[in-house]
There are 2 protein chains.
Amino acid sequence: MGLIVQKFGGTSVANRDRIFNVARIVADTRNAGNDVVVVVSAQGDTTDDLIAKAAEITHDPSKREMDMLLATGEQISVSLLAMALDSVGVPAISLTGWQAGFQTDRTYTNARIKRIDSERIESELARNRVVVVAGFQGLNRMEDITTLGRGGSDTSAVAIAAALHADRCQIYTDVEGVYTADPRYIKKARKLPEITFDEMLELATLGAQVLNNRSVELAKKYGVELEVLSSLNPMPGTIVKEVTSEMEGMLIKGVAKDTNVAVISIMEVPDVPGMSFKVFGALARKKINVDIILQSTGRGDNKDLIFTVPKNDAEIAVAVLKENQVRFGGGEIYVDKDVAKVSVVGAGMQSHSGVASRMFEALYENNINIRMISTSEIKISVIIKLDEADRAMAAIHDEFIQ
Amino acid sequence: MGLIVQKFGGTSVANRDRIFNVARIVADTRNAGNDVVVVVSAQGDTTDDLIAKAAEITHDPSKREMDMLLATGEQISVSLLAMALDSVGVPAISLTGWQAGFQTDRTYTNARIKRIDSERIESELARNRVVVVAGFQGLNRMEDITTLGRGGSDTSAVAIAAALHADRCQIYTDVEGVYTADPRYIKKARKLPEITFDEMLELATLGAQVLNNRSVELAKKYGVELEVLSSLNPMPGTIVKEVTSEMEGMLIKGVAKDTNVAVISIMEVPDVPGMSFKVFGALARKKINVDIILQSTGRGDNKDLIFTVPKNDAEIAVAVLKENQVRFGGGEIYVDKDVAKVSVVGAGMQSHSGVASRMFEALYENNINIRMISTSEIKISVIIKLDEADRAMAAIHDEFIQ
């Protein structure tokens with residue numbers, strides 16, 4: 001008995017059968033005595049089809065017009081789902097982003113939600129209707145339609161849950177929850193009953209790709225309890241919340257692999273103040289994210305500077321560095337794309353010094369060489385050779401998760 | 001130098017090439033020094049495709065949700081046209097019906113425009129932009145999306161032209177203007193340079209199918225000068241306005257054929273007061289439009305009642321009449337679907353008594369029998385046999401239009 005926000009992605013509403021599957025989940029939730037707000041993405045390939053239509057017209061479409069175009073995708077799926085709900089006896093009404101009161105900033109194609117004026121949603125709930133809201137979209141102060149960018153519908157769902165003080169926000173996906181590792185690669189991967197927001201954020205960043213980071217950050221900020229679960233396989237999923245119940249022997253929540261990594265080395269850089277600023281400032285201006293940084297201890301007046309960037313930014317990064325090299329000096333610049341990052345995530349890791357050494361030992365026993373190491377409050381990452389990554393994942397998973 | 005509203009139908013924006021064709025027409029109009037507001041329908045088969053999607057879900061969709069669904073069609077075409085205009089160097093902005101300020105009543109799928117709050121359109125024009133408005137749609141007082149029903153985009157265009165006091169409203173179609181008869185059947189048909197609103201209304205009703213009646217009525221009410229012209233063949237079309245310049249020998253503006261006609265005869269109905277009310281009241285309650293009515297002079301206490309209805313309503317009409325026959329009496333009820341209505345239209349016909357006799361003479365000379373006759377201020381219609389209709393059209397056209 002409460003208010004549940006349920007979000008369904010594009011594959012969950014891709015065709016008639018899937019839409020009725022969603023309608024049944026919503027009907028069950030409502031019949032259990034809950035008020036339900038449903039947030040839906042565009043059907044299957046709709047967004048790609050619309051992007052292709054625009055590409056036929058111009059290769060440089062106005063972002064404002066792209067948002068106008070793309071927002072039709074969710075408008076189609078909400079109206080169809082509302083019809084399906086009606087036809088299974090659940091009174092429902094669809095709302096676009098602007099009808100649902102989503103107010104955003106003016107950044108077309110990647111807008112931020114400023115506030116939700118939830119009056120309309122609340123009045124429809126009070127009329128005993130399921131409210132089906134178009135995800136991914138809002139309205140800016142100009143009364144122009146905006147879209148929220150990647151993972152926007154997750155963000156829409158969490159924002160509504162926060163605005164309505166919902167009891168839970170369920171994110172339905174094509175996986176059954178959050179796993180200790182990607183079950184496609186690690187057979188022994190276990191579904192986690194619970195995970196903290198911080199752990200989830202690290203796992204998402206590290207490539208677990210279950211939830212969009214922006215939505216997890218928003219959920220953390222407003223204390224919205226999330227549940228990740230499958231729309232095709234009805235069973236409890238993974239709860240994401242601020243503090244999870246203590247679980248003996250389950251300090252480590254997950255092992256993740258990220259292959260979108262390259263290591264860049266600049267040899268023999270002069271060891272003078274301001275050097276790091278010059279190097280990384282040049283990269284930041286090109287919006288290249290630097291992750292792990294390692295400096296060799298100085299040899300004479302020089303040191304080697306080694307760091308990671310996303311693999312698909314590596315070429316640009318090297319070009320930028322070579323262009324600016326007169327400003328910071330140094331010798332050869334090398335790039336190595338044949339690497340991967342493997343990480344373990346778990347809150348309170350810092351206070352358990354044993355975690356790092358157990359991880360390193362597991363890698364050593366499997367004859368896997370560690371190139372770089374990075375640690376934080378809740379994760380330990382190592383850079384290793386790309387072709388050893390899966391073996392490393394398995395070894396670490398075996399070590400920590402039984 | 002002025003403000004022009006241009007409306008393009010679904011076939012005019014059906015694909016990339018057509019969209020750029022429209023963009024060129026708009027660009028030319030603007031480069032000639034005009035402000036331009038463009039009203040666009042959904043692309044080609046989009047509306048049918050959306051209706052099919054709804055039909056997959058339910059055979060009885062909520063009208064409110066249908067409007068939500070269908071309104072996406074025009075939203076797609078306006079954004080694509082705005083992109084195309086931008087890419088040919090014409091600054092443009094697209095607006096949905098609600099952004100353009102269309103306020104309607106609450107009749108979903110067939111809403112009436114109540115007013116247009118044209119502030120946004122005017123401010124975009126003031127910023128020197130072409131404004132591309134989604135036709136066919138508006139917003140009701142509940143802030144729900146509504147659609148305007150058949151011919152809705154024509155109505156949208158005329159309504160904007162009226163609200164903005166535009167100098168002209170151009171309706172681009174796949175024909176080059178209004179003809180004295182359908183050029184597919186009558187080779188000698190001539191394109192009219194001008195026609196009055198009233199003549200146009202009669203021609204539309206009679207099956208000329210160039211302009212939607214609702215839009216012509218609105219244009220007449222607000223004195224909006226219309227032009228019907230082709231989007232594929234750039235040349236002056238037909239101007240539709242209140243009073244046309246006098247044209248010697250061109251009293252008759254057109255000859256039209258309507259084959260959606262059936263004649264119903266009720267024999268030997270008692271000739272008592274209230275009888276007509278009982279018969280036609282029963283039909284009106286079923287929303288069946290009765291057109292021409294003919295009563296035989298009484299034979300004794302009875303008379304025959306003969307009238308026309310749309311052919312596709314004939315069966316229902318007969319069923320309704322048989323159900324109610326106890327209330328008005330009479331004998332056999334016959335229906336004849338093997339008929340057509342042929343009409344001549346031209347303002348001031350009443351004051352030229354020669355028109356009717358010339359028409360009847362032309363038919364007589366071609367051995368065509370007249371079954372029923374109806375006259376009004378600006379038209380004369382005859383009911384004849386269906387298979388003689390084309391010959392009748394040609395004979396009348398030859399008689400009046402050289």
# chains A, B, ... in the order shown; residues from 1 in each chain; ligands from 1

$ calpha_fit_rmsd --fixed "chain B" --moving "chain A"
0.1 Å

$ residues_around --residues "B:Ile266" --least-positions-apart "3" --cutoff "12 Å" --atoms "only C-alpha atoms" --output "NGL selection string"
:B and (263 or 269-270 or 275-276 or 279-280 or 293-296 or 302-308 or 317-318 or 321-322 or 325 or 328-336)

$ select_by_dssp --residues "stretch 219-401 of chain B" --states "strand (DSSP E or B)" --output "MDAnalysis selection string"
chainID B and resid 226:230 238:241 254:258 262:270 293:295 299 302:309 333:336 339:345 372:375 379:385

$ interface_residues --of "chain B" --to "chain A" --cutoff "10 Å" --atoms "only C-alpha atoms" --output "mmCIF file with N, CA and C atoms, in the first residue's frame"
data_model
loop_
_atom_site.group_PDB
_atom_site.id
_atom_site.type_symbol
_atom_site.label_atom_id
_atom_site.label_comp_id
_atom_site.auth_asym_id
_atom_site.auth_seq_id
_atom_site.Cartn_x
_atom_site.Cartn_y
_atom_site.Cartn_z
ATOM 1 N N ASN B 15 8.600 12.727 -48.071
ATOM 2 C CA ASN B 15 9.969 12.209 -47.973
ATOM 3 C C ASN B 15 10.964 13.373 -48.067
ATOM 4 N N ARG B 16 12.241 13.018 -48.005
ATOM 5 C CA ARG B 16 13.299 14.019 -47.995
ATOM 6 C C ARG B 16 13.181 15.003 -49.172
ATOM 7 N N ASP B 17 13.013 14.464 -50.397
ATOM 8 C CA ASP B 17 12.977 15.331 -51.580
ATOM 9 C C ASP B 17 11.781 16.272 -51.535
ATOM 10 N N ILE B 19 10.272 17.325 -48.866
ATOM 11 C CA ILE B 19 10.498 18.311 -47.806
ATOM 12 C C ILE B 19 11.375 19.445 -48.329
ATOM 13 N N PHE B 20 12.409 19.095 -49.102
ATOM 14 C CA PHE B 20 13.270 20.157 -49.641
ATOM 15 C C PHE B 20 12.549 20.963 -50.723
ATOM 16 N N LEU B 50 0.126 5.175 -37.456
ATOM 17 C CA LEU B 50 -0.155 5.350 -36.029
ATOM 18 C C LEU B 50 -1.509 4.742 -35.672
ATOM 19 N N LYS B 53 -1.048 1.121 -35.301
ATOM 20 C CA LYS B 53 -0.414 0.785 -34.017
ATOM 21 C C LYS B 53 -1.465 0.710 -32.909
ATOM 22 N N ALA B 54 -2.368 1.699 -32.894
ATOM 23 C CA ALA B 54 -3.417 1.708 -31.870
ATOM 24 C C ALA B 54 -4.337 0.509 -32.041
ATOM 25 N N ALA B 55 -4.638 0.167 -33.301
ATOM 26 C CA ALA B 55 -5.555 -0.944 -33.572
ATOM 27 C C ALA B 55 -4.964 -2.273 -33.100
ATOM 28 N N GLU B 56 -3.634 -2.357 -33.073
ATOM 29 C CA GLU B 56 -2.991 -3.560 -32.539
ATOM 30 C C GLU B 56 -3.255 -3.711 -31.046
ATOM 31 N N ILE B 57 -3.398 -2.579 -30.375
ATOM 32 C CA ILE B 57 -3.590 -2.594 -28.917
ATOM 33 C C ILE B 57 -5.055 -2.820 -28.569
ATOM 34 N N THR B 58 -5.951 -2.054 -29.205
ATOM 35 C CA THR B 58 -7.372 -2.159 -28.860
ATOM 36 C C THR B 58 -8.216 -1.661 -30.017
ATOM 37 N N HIS B 59 -9.419 -2.227 -30.139
ATOM 38 C CA HIS B 59 -10.301 -1.769 -31.205
ATOM 39 C C HIS B 59 -11.162 -0.609 -30.745
ATOM 40 N N ASP B 60 -11.031 -0.251 -29.477
ATOM 41 C CA ASP B 60 -11.838 0.849 -28.960
ATOM 42 C C ASP B 60 -10.960 1.778 -28.127
ATOM 43 N N PRO B 61 -9.958 2.408 -28.770
ATOM 44 C CA PRO B 61 -9.039 3.249 -27.999
ATOM 45 C C PRO B 61 -9.730 4.512 -27.486
ATOM 46 N N SER B 62 -9.293 4.974 -26.348
ATOM 47 C CA SER B 62 -9.766 6.248 -25.817
ATOM 48 C C SER B 62 -9.434 7.345 -26.820
ATOM 49 N N LYS B 63 -10.397 8.222 -27.088
ATOM 50 C CA LYS B 63 -10.171 9.311 -28.047
ATOM 51 C C LYS B 63 -9.077 10.248 -27.574
ATOM 52 N N ARG B 64 -9.031 10.461 -26.265
ATOM 53 C CA ARG B 64 -7.977 11.322 -25.723
ATOM 54 C C ARG B 64 -6.598 10.740 -26.052
ATOM 55 N N GLU B 65 -6.448 9.420 -25.889
ATOM 56 C CA GLU B 65 -5.152 8.803 -26.160
ATOM 57 C C GLU B 65 -4.862 8.772 -27.665
ATOM 58 N N MET B 66 -5.909 8.632 -28.490
ATOM 59 C CA MET B 66 -5.699 8.689 -29.944
ATOM 60 C C MET B 66 -5.106 10.047 -30.329
ATOM 61 N N ASP B 67 -5.620 11.120 -29.751
ATOM 62 C CA ASP B 67 -5.105 12.455 -30.076
ATOM 63 C C ASP B 67 -3.653 12.594 -29.634
ATOM 64 N N MET B 68 -3.362 12.060 -28.443
ATOM 65 C CA MET B 68 -1.983 12.056 -27.939
ATOM 66 C C MET B 68 -1.071 11.364 -28.951
ATOM 67 N N LEU B 69 -1.553 10.233 -29.462
ATOM 68 C CA LEU B 69 -0.772 9.429 -30.405
ATOM 69 C C LEU B 69 -0.634 10.141 -31.752
ATOM 70 N N LEU B 70 -1.766 10.556 -32.324
ATOM 71 C CA LEU B 70 -1.751 11.104 -33.686
ATOM 72 C C LEU B 70 -0.980 12.418 -33.778
ATOM 73 N N ALA B 71 -1.001 13.204 -32.699
ATOM 74 C CA ALA B 71 -0.332 14.511 -32.740
ATOM 75 C C ALA B 71 1.174 14.387 -32.965
ATOM 76 N N THR B 72 1.730 13.199 -32.729
ATOM 77 C CA THR B 72 3.167 13.043 -32.965
ATOM 78 C C THR B 72 3.491 13.161 -34.454
ATOM 79 N N GLY B 73 2.549 12.813 -35.327
ATOM 80 C CA GLY B 73 2.799 12.830 -36.770
ATOM 81 C C GLY B 73 3.218 14.210 -37.264
ATOM 82 N N GLU B 74 2.476 15.234 -36.889
ATOM 83 C CA GLU B 74 2.814 16.592 -37.336
ATOM 84 C C GLU B 74 4.057 17.099 -36.623
ATOM 85 N N GLN B 75 4.252 16.657 -35.379
ATOM 86 C CA GLN B 75 5.445 17.109 -34.652
ATOM 87 C C GLN B 75 6.714 16.643 -35.354
ATOM 88 N N ILE B 76 6.649 15.432 -35.928
ATOM 89 C CA ILE B 76 7.789 14.931 -36.706
ATOM 90 C C ILE B 76 7.992 15.786 -37.954
ATOM 91 N N SER B 77 6.925 16.059 -38.693
ATOM 92 C CA SER B 77 7.125 16.774 -39.960
ATOM 93 C C SER B 77 7.550 18.233 -39.743
ATOM 94 N N VAL B 78 7.044 18.902 -38.709
ATOM 95 C CA VAL B 78 7.486 20.292 -38.509
ATOM 96 C C VAL B 78 8.966 20.360 -38.141
ATOM 97 N N SER B 79 9.435 19.414 -37.311
ATOM 98 C CA SER B 79 10.853 19.479 -36.938
ATOM 99 C C SER B 79 11.728 19.208 -38.149
ATOM 100 N N LEU B 80 11.336 18.232 -38.979
ATOM 101 C CA LEU B 80 12.130 17.930 -40.176
ATOM 102 C C LEU B 80 12.132 19.115 -41.144
ATOM 103 N N LEU B 81 10.980 19.764 -41.331
ATOM 104 C CA LEU B 81 10.943 20.908 -42.255
ATOM 105 C C LEU B 81 11.778 22.078 -41.715
ATOM 106 N N ALA B 82 11.719 22.305 -40.404
ATOM 107 C CA ALA B 82 12.541 23.379 -39.821
ATOM 108 C C ALA B 82 14.028 23.093 -40.049
ATOM 109 N N MET B 83 14.427 21.812 -39.907
ATOM 110 C CA MET B 83 15.827 21.439 -40.175
ATOM 111 C C MET B 83 16.181 21.716 -41.641
ATOM 112 N N ALA B 84 15.273 21.340 -42.543
ATOM 113 C CA ALA B 84 15.528 21.536 -43.974
ATOM 114 C C ALA B 84 15.650 23.032 -44.288
ATOM 115 N N LEU B 85 14.770 23.840 -43.708
ATOM 116 C CA LEU B 85 14.842 25.288 -43.943
ATOM 117 C C LEU B 85 16.172 25.839 -43.436
ATOM 118 N N ASP B 86 16.544 25.463 -42.225
ATOM 119 C CA ASP B 86 17.837 25.877 -41.681
ATOM 120 C C ASP B 86 18.967 25.523 -42.644
ATOM 121 N N SER B 87 18.898 24.303 -43.193
ATOM 122 C CA SER B 87 20.019 23.834 -44.004
ATOM 123 C C SER B 87 20.067 24.516 -45.369
ATOM 124 N N VAL B 88 18.954 25.153 -45.813
ATOM 125 C CA VAL B 88 19.030 25.944 -47.041
ATOM 126 C C VAL B 88 19.159 27.435 -46.708
ATOM 127 N N ALA B 92 14.588 29.101 -39.142
ATOM 128 C CA ALA B 92 13.228 28.586 -38.941
ATOM 129 C C ALA B 92 13.095 27.978 -37.567
ATOM 130 N N ILE B 93 11.880 27.930 -37.072
ATOM 131 C CA ILE B 93 11.611 27.265 -35.794
ATOM 132 C C ILE B 93 10.291 26.532 -35.904
ATOM 133 N N SER B 94 10.243 25.316 -35.367
ATOM 134 C CA SER B 94 8.998 24.552 -35.420
ATOM 135 C C SER B 94 8.223 24.745 -34.122
ATOM 136 N N LEU B 95 6.905 24.707 -34.227
ATOM 137 C CA LEU B 95 6.048 24.792 -33.045
ATOM 138 C C LEU B 95 4.955 23.724 -33.140
ATOM 139 N N THR B 96 4.687 23.057 -32.026
ATOM 140 C CA THR B 96 3.527 22.168 -31.969
ATOM 141 C C THR B 96 2.264 23.033 -31.946
ATOM 142 N N TRP B 98 0.127 23.269 -29.534
ATOM 143 C CA TRP B 98 -0.010 23.977 -28.248
ATOM 144 C C TRP B 98 1.018 25.081 -28.114
ATOM 145 N N GLN B 99 2.217 24.883 -28.654
ATOM 146 C CA GLN B 99 3.208 25.955 -28.594
ATOM 147 C C GLN B 99 2.753 27.146 -29.443
ATOM 148 N N ARG B 120 3.488 33.691 -29.275
ATOM 149 C CA ARG B 120 4.743 32.995 -29.595
ATOM 150 C C ARG B 120 5.064 33.100 -31.083
ATOM 151 N N MET B 142 -7.998 21.430 -20.332
ATOM 152 C CA MET B 142 -7.373 20.487 -19.404
ATOM 153 C C MET B 142 -5.871 20.384 -19.649
ATOM 154 N N GLU B 143 -5.374 21.112 -20.655
ATOM 155 C CA GLU B 143 -3.995 20.968 -21.130
ATOM 156 C C GLU B 143 -3.758 19.593 -21.739
ATOM 157 N N ASP B 144 -4.783 19.047 -22.346
ATOM 158 C CA ASP B 144 -4.649 17.807 -23.106
ATOM 159 C C ASP B 144 -4.555 18.142 -24.586
ATOM 160 N N ILE B 145 -3.785 17.325 -25.310
ATOM 161 C CA ILE B 145 -3.673 17.514 -26.755
ATOM 162 C C ILE B 145 -4.960 17.054 -27.436
#

$ select_by_dssp --residues "stretch 21-65 of chain A" --states "helix (DSSP H, G or I)" --output "ChimeraX atom specification"
/A:21-31,46-57,63-65

$ write_last_selection --atoms "N, CA, C and O atoms" --output "JSON list (two decimals), in the first residue's frame"
[["chain", "number", "residue", "atom", "x", "y", "z"],
["A", 21, "ASN", "N", 2.58, -7.02, -21.66],
["A", 21, "ASN", "CA", 3.34, -7.55, -20.53],
["A", 21, "ASN", "C", 3.53, -6.46, -19.47],
["A", 21, "ASN", "O", 3.32, -6.68, -18.27],
["A", 22, "VAL", "N", 3.91, -5.27, -19.93],
["A", 22, "VAL", "CA", 4.07, -4.14, -19.02],
["A", 22, "VAL", "C", 2.73, -3.81, -18.35],
["A", 22, "VAL", "O", 2.66, -3.58, -17.13],
["A", 23, "ALA", "N", 1.66, -3.82, -19.15],
["A", 23, "ALA", "CA", 0.33, -3.50, -18.60],
["A", 23, "ALA", "C", -0.02, -4.47, -17.47],
["A", 23, "ALA", "O", -0.59, -4.07, -16.45],
["A", 24, "ARG", "N", 0.35, -5.73, -17.63],
["A", 24, "ARG", "CA", 0.05, -6.71, -16.58],
["A", 24, "ARG", "C", 0.85, -6.44, -15.30],
["A", 24, "ARG", "O", 0.32, -6.54, -14.20],
["A", 25, "ILE", "N", 2.13, -6.08, -15.47],
["A", 25, "ILE", "CA", 2.94, -5.75, -14.28],
["A", 25, "ILE", "C", 2.33, -4.56, -13.54],
["A", 25, "ILE", "O", 2.19, -4.57, -12.32],
["A", 26, "VAL", "N", 1.95, -3.55, -14.31],
["A", 26, "VAL", "CA", 1.37, -2.35, -13.71],
["A", 26, "VAL", "C", 0.04, -2.71, -13.02],
["A", 26, "VAL", "O", -0.23, -2.29, -11.89],
["A", 27, "ALA", "N", -0.77, -3.51, -13.72],
["A", 27, "ALA", "CA", -2.07, -3.91, -13.15],
["A", 27, "ALA", "C", -1.88, -4.67, -11.84],
["A", 27, "ALA", "O", -2.58, -4.42, -10.86],
["A", 28, "ASP", "N", -0.90, -5.59, -11.80],
["A", 28, "ASP", "CA", -0.64, -6.35, -10.58],
["A", 28, "ASP", "C", -0.23, -5.42, -9.44],
["A", 28, "ASP", "O", -0.68, -5.59, -8.31],
["A", 29, "THR", "N", 0.63, -4.45, -9.75],
["A", 29, "THR", "CA", 1.09, -3.53, -8.72],
["A", 29, "THR", "C", -0.08, -2.72, -8.17],
["A", 29, "THR", "O", -0.20, -2.49, -6.98],
["A", 30, "ARG", "N", -0.95, -2.30, -9.08],
["A", 30, "ARG", "CA", -2.10, -1.50, -8.68],
["A", 30, "ARG", "C", -3.10, -2.36, -7.90],
["A", 30, "ARG", "O", -3.65, -1.92, -6.87],
["A", 31, "ASN", "N", -3.32, -3.59, -8.37],
["A", 31, "ASN", "CA", -4.28, -4.46, -7.69],
["A", 31, "ASN", "C", -3.80, -4.85, -6.30],
["A", 31, "ASN", "O", -4.60, -5.25, -5.46],
["A", 46, "THR", "N", 12.67, 3.17, -32.21],
["A", 46, "THR", "CA", 12.04, 4.42, -32.64],
["A", 46, "THR", "C", 13.01, 5.59, -32.65],
["A", 46, "THR", "O", 13.08, 6.35, -33.62],
["A", 47, "THR", "N", 13.76, 5.74, -31.55],
["A", 47, "THR", "CA", 14.67, 6.88, -31.46],
["A", 47, "THR", "C", 15.71, 6.82, -32.58],
["A", 47, "THR", "O", 15.98, 7.84, -33.24],
["A", 48, "ASP", "N", 16.26, 5.63, -32.84],
["A", 48, "ASP", "CA", 17.24, 5.50, -33.94],
["A", 48, "ASP", "C", 16.60, 5.84, -35.28],
["A", 48, "ASP", "O", 17.22, 6.48, -36.13],
["A", 49, "ASP", "N", 15.36, 5.41, -35.48],
["A", 49, "ASP", "CA", 14.67, 5.70, -36.74],
["A", 49, "ASP", "C", 14.49, 7.21, -36.91],
["A", 49, "ASP", "O", 14.65, 7.75, -38.01],
["A", 50, "LEU", "N", 14.14, 7.89, -35.82],
["A", 50, "LEU", "CA", 13.95, 9.35, -35.90],
["A", 50, "LEU", "C", 15.28, 10.04, -36.19],
["A", 50, "LEU", "O", 15.34, 10.99, -36.99],
["A", 51, "ILE", "N", 16.35, 9.57, -35.55],
["A", 51, "ILE", "CA", 17.68, 10.15, -35.80],
["A", 51, "ILE", "C", 18.04, 9.96, -37.27],
["A", 51, "ILE", "O", 18.58, 10.87, -37.92],
["A", 52, "ALA", "N", 17.70, 8.80, -37.83],
["A", 52, "ALA", "CA", 17.99, 8.53, -39.25],
["A", 52, "ALA", "C", 17.21, 9.49, -40.15],
["A", 52, "ALA", "O", 17.72, 9.97, -41.17],
["A", 53, "LYS", "N", 15.95, 9.77, -39.79],
["A", 53, "LYS", "CA", 15.14, 10.73, -40.56],
["A", 53, "LYS", "C", 15.82, 12.09, -40.59],
["A", 53, "LYS", "O", 15.89, 12.75, -41.63],
["A", 54, "ALA", "N", 16.29, 12.53, -39.43],
["A", 54, "ALA", "CA", 16.97, 13.84, -39.36],
["A", 54, "ALA", "C", 18.24, 13.82, -40.19],
["A", 54, "ALA", "O", 18.55, 14.79, -40.89],
["A", 55, "ALA", "N", 18.97, 12.70, -40.15],
["A", 55, "ALA", "CA", 20.24, 12.61, -40.88],
["A", 55, "ALA", "C", 20.01, 12.68, -42.39],
["A", 55, "ALA", "O", 20.89, 13.13, -43.13],
["A", 56, "GLU", "N", 18.83, 12.24, -42.84],
["A", 56, "GLU", "CA", 18.50, 12.39, -44.27],
["A", 56, "GLU", "C", 18.39, 13.85, -44.66],
["A", 56, "GLU", "O", 18.62, 14.22, -45.80],
["A", 57, "ILE", "N", 17.97, 14.68, -43.71],
["A", 57, "ILE", "CA", 17.75, 16.10, -44.01],
["A", 57, "ILE", "C", 19.06, 16.88, -43.90],
["A", 57, "ILE", "O", 19.41, 17.66, -44.78],
["A", 63, "LYS", "N", 19.87, 21.44, -32.41],
["A", 63, "LYS", "CA", 19.57, 20.59, -31.26],
["A", 63, "LYS", "C", 18.14, 20.80, -30.78],
["A", 63, "LYS", "O", 17.48, 19.86, -30.33],
["A", 64, "ARG", "N", 17.67, 22.03, -30.90],
["A", 64, "ARG", "CA", 16.29, 22.31, -30.50],
["A", 64, "ARG", "C", 15.31, 21.48, -31.33],
["A", 64, "ARG", "O", 14.35, 20.91, -30.82],
["A", 65, "GLU", "N", 15.57, 21.40, -32.64],
["A", 65, "GLU", "CA", 14.66, 20.65, -33.52],
["A", 65, "GLU", "C", 14.82, 19.14, -33.30],
["A", 65, "GLU", "O", 13.85, 18.39, -33.43]]

$ atom_distance --atom1 "atom CA of B:Gly177" --atom2 "atom CA of B:Lys311"
27.9 Å

$ closest_residue --among "B:Gln170, B:Asn369, B:Ser12, B:Ser381" --to "B:Glu202" --atoms "only C-alpha atoms"
B:Ser381

$ atom_distance --atom1 "atom CA of A:Leu206" --atom2 "atom CA of A:Asn260"
9.7 Å

$ atom_distance --atom1 "atom CA of B:Gln6" --atom2 "atom CA of B:Glu227"
9.3 Å
